[in-house]
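These notes concern the structure reproduced below.
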Amino acid sequence: MFARMSRPFLSLPAGAVQPVNDEIGLRILATTDLHMNILPYDYVADTPSPRQGFAHTARLIHQARAEAANTLLLDNGDFLHGSPVGDVLAQANGADPMRGVHPIIAAMRALDYDAVTLGNHDFDHGTGFLGEVLRKAPFPVVCSNLTLNTAADRPAMAFAAPFALLRRKLTGPGGVSRDICVGVLGFLPPGQLPGLADTDHEVRDIVETARQMVPYLRAMEADLVIVLAHSGIGAATHRPGMENAVVPLAGVAGIDAIIAGHDHGVFPDPRAPSGAADTQRGKIHGTPVVSPGFWGSHLGVIDLRLTETAPGQWQVARSSAHVRSVTRTGDGPPTPAPDIARSLQRAHARTRDTLRQPVGASRHRLHSYFATLAPAPAVDVVQRASAWFAARALAGTPLAGLPILASAAPFKCGGLAGPGLFTDLPAGPITRAGLAELYPYPNTLSAVVLTGAALAEWLERAASVFNRAAPGKTTRLMHPALPAYAAEGVAGVDYRINLGQPARFAPDGRLADPSARRVSGLALAPGARAVLVTNSFRLNRSGLYPGFNPEQVVISPETPMRDVIAEWLTAEGPYDHAPLATWRLTAPLGARIEVLSAPKAAGIVGDAPLPNLAHGPIGADGFQRFRVTL
């Protein structure tokens, strides 16, 4: 860190001139997508975890700070929700009764964060909860592209500002102190705020807002501009409202560094797609960028070498970027920082007690190892519970005679999160920890009435996560730009997905090929109606699924999905079913499909949904390869 100060500064010059002194270093440290994983603990397995936890990242922060004279520490959002301990604290109104401060804020305060932005999941419990948590934050909270429209006598978003100006003193060669002003912007991904579904709000385009705000910060005497973009590294070409906009964002003039996130990716990474990105040096369009993973798995480090081109005027002469993993090879098991671990001990104990409470039972192993390949038991529990709840809610109404279809996705199914992120519950009691494993998000149940034609579009969007297969070739099943939870499966209706056909939708949700159709055999006529049970996340078009008109909503999103599953398990007794969903994949003759799963999945190949599934080697990424001919 370096000294805070409050005097005004001159603006950055338009052109480069000769420096008046030696270079001074500024190190930017960044976290993202912590999702309330403060302690290195797996609450479902009820055991410590060496791969996750802010307490591990804190150790890296201490180390990286000790290496540089001048540092800034920033967070890129989605810090407030996403773990069982976060849910327990939310139910207790977000405050640790021992301190009166939410533990994530206490941890950030202990590490002396300079500024944070907000992610889409930080709004999951509403703005009232979020505002209460942030009320005691001693650092700026920046949110540049969100507008909340509220009553005239209430502040729209008192807990956040559209930008921050951090006025600091740099320590240069010989201990000389120099003044600098750092502007900070923060961006949310458009269309990703189900927590604000009932609020009049607008999330503006990331790139367009940056083009407006960067010159404004420069005029406000910012020497540097750092962007906290809760957005992933996606398509190179800007499209209005795009969710993962970091590549075109990096091309906006006047931005000196970008922190990326949201998609839980790691950058720089030699395995990342190149294009405009320098995956070795961590630059996109020449701008240094880091994306430090998720759950505290990595620390992002951007080093800027600054020259003072005139008194009080700075520019970046050189830059580099890298990420540091909490589990670097050869380091041995990581040791969590004790100051952060202590801040959550009471909430940790309360969470473990809560999650051990039984809510039901299953006579089958509930896993998601092959959930993208065929209907899976872990997803089936969600679908059966959803359909049961909707049938009760609609009983006695004019809609009672319509078919009830249940849509759900495999939330834990590997992908960017690695081979350790799969659902796997043994047969026997299901506790509240098991519920969190089956359904890790705070979504609420909702239902809509739709036609067979609209359902076909929904299913085509789901089918777009798959790569196109070719005769006689081996094809990786999943599209690398999409997470497994984008793959909705629908139970209650028959259909097939032909992997030999092109995808109708692009990974970013655009209609890519209007003539393409992968879904066939749909047992619902185009004009026939049905009830589709989904969740608040999808109802808000999150994941870029086709939207619905308000008059189509027949069950409002009020009941938490985990409550729905718990009620169903209580009412129906132990789970003892084969999957209700009957969808299946098809491919051209001789096409082989490769699926990545956990090594543990090799032990259940005989019980897998496809009889000719064979396992192959374990790759350097830790995933077991499986191949199947459809």
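As shown in the structure tokens, the chain order sets the letters A, B, ...; within each chain, residues go from 1, and ligands are also counted from 1 in the order they appear.
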
Would you tabulate, counting only C-alpha atoms, all residues of segment 359-439 of chain A that have an atom at most 8 Å from an atom of segment 608-630 of chain A, showing the closest pair of atoms and their distance in Å to one decimal, sorted by chain then ascending number, as a tab-separated table?
```
residue	atom	partner	partner_atom	distance
A:Phe370	CA	A:Ala608	CA	7.5
A:Ala374	CA	A:Pro609	CA	6.4
A:Pro375	CA	A:Pro609	CA	7.7
A:Gly418	CA	A:Gly622	CA	7.3
A:Pro419	CA	A:Phe623	CA	5.3
```

Applying 9 Å and only C-alpha atoms, which residues near Leu165 of chain A remain after dropping the ones on its own chain fewer than 6 positions away? List them as a ChimeraX atom specification.
/A:181-184,217,220-222

Can I get the residues of segment 552-604 of chain A within 12 Å of segment 464-467 of chain A, each with the closest pair of atoms and their distance in Å to one decimal, using only C-alpha atoms, sorted chain first then ascending number, as CSV?
```
residue,atom,partner,partner_atom,distance
A:Leu585,CA,A:Phe466,CA,10.1
A:Thr586,CA,A:Phe466,CA,11.7
A:Ala587,CA,A:Asn467,CA,10.9
A:Arg592,CA,A:Asn467,CA,11.9
A:Ile593,CA,A:Asn467,CA,9.5
A:Glu594,CA,A:Asn467,CA,10.5
A:Val595,CA,A:Phe466,CA,10.8
```

Could you dump the residues just selected with N, CA and C atoms as a PDB file, in the first residue's frame?
```pdb
ATOM      1  N   LEU A 585     -28.931 -37.032 -26.851  1.00  0.00           N
ATOM      2  CA  LEU A 585     -28.082 -36.484 -27.900  1.00  0.00           C
ATOM      3  C   LEU A 585     -27.945 -37.487 -29.036  1.00  0.00           C
ATOM      4  N   THR A 586     -27.881 -36.990 -30.266  1.00  0.00           N
ATOM      5  CA  THR A 586     -27.563 -37.814 -31.419  1.00  0.00           C
ATOM      6  C   THR A 586     -26.411 -37.170 -32.181  1.00  0.00           C
ATOM      7  N   ALA A 587     -25.735 -37.943 -33.006  1.00  0.00           N
ATOM      8  CA  ALA A 587     -24.582 -37.430 -33.761  1.00  0.00           C
ATOM      9  C   ALA A 587     -24.473 -38.187 -35.073  1.00  0.00           C
ATOM     10  N   ARG A 592     -17.413 -39.467 -32.714  1.00  0.00           N
ATOM     11  CA  ARG A 592     -17.102 -39.780 -31.326  1.00  0.00           C
ATOM     12  C   ARG A 592     -17.149 -38.501 -30.510  1.00  0.00           C
ATOM     13  N   ILE A 593     -17.752 -38.578 -29.338  1.00  0.00           N
ATOM     14  CA  ILE A 593     -17.917 -37.419 -28.470  1.00  0.00           C
ATOM     15  C   ILE A 593     -17.036 -37.594 -27.244  1.00  0.00           C
ATOM     16  N   GLU A 594     -16.247 -36.570 -26.943  1.00  0.00           N
ATOM     17  CA  GLU A 594     -15.390 -36.595 -25.754  1.00  0.00           C
ATOM     18  C   GLU A 594     -15.999 -35.708 -24.675  1.00  0.00           C
ATOM     19  N   VAL A 595     -16.095 -36.261 -23.487  1.00  0.00           N
ATOM     20  CA  VAL A 595     -16.641 -35.556 -22.336  1.00  0.00           C
ATOM     21  C   VAL A 595     -15.574 -35.493 -21.254  1.00  0.00           C
TER      22      VAL A 595
END
```

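Using only C-alpha atoms, the smallest distance between any of A:Trp583, A:Leu435, A:Asp75, A:Ala427 and Asp494 of chain A comes from A:Trp583.
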
Of the candidates A:Ala361, A:Leu399, A:Leu450, A:Ala160, which one gets nearest to Gly428 of chain A if we count only C-alpha atoms?
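When distances to Gly428 of chain A are compared using only C-alpha atoms, the smallest one comes from A:Ala361.
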
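Between Ala447 of chain A and the candidates A:Arg365, A:Ile497, A:Arg538, A:Ser515, the tightest atom-to-atom separation, counting only C-alpha atoms, involves A:Arg538.
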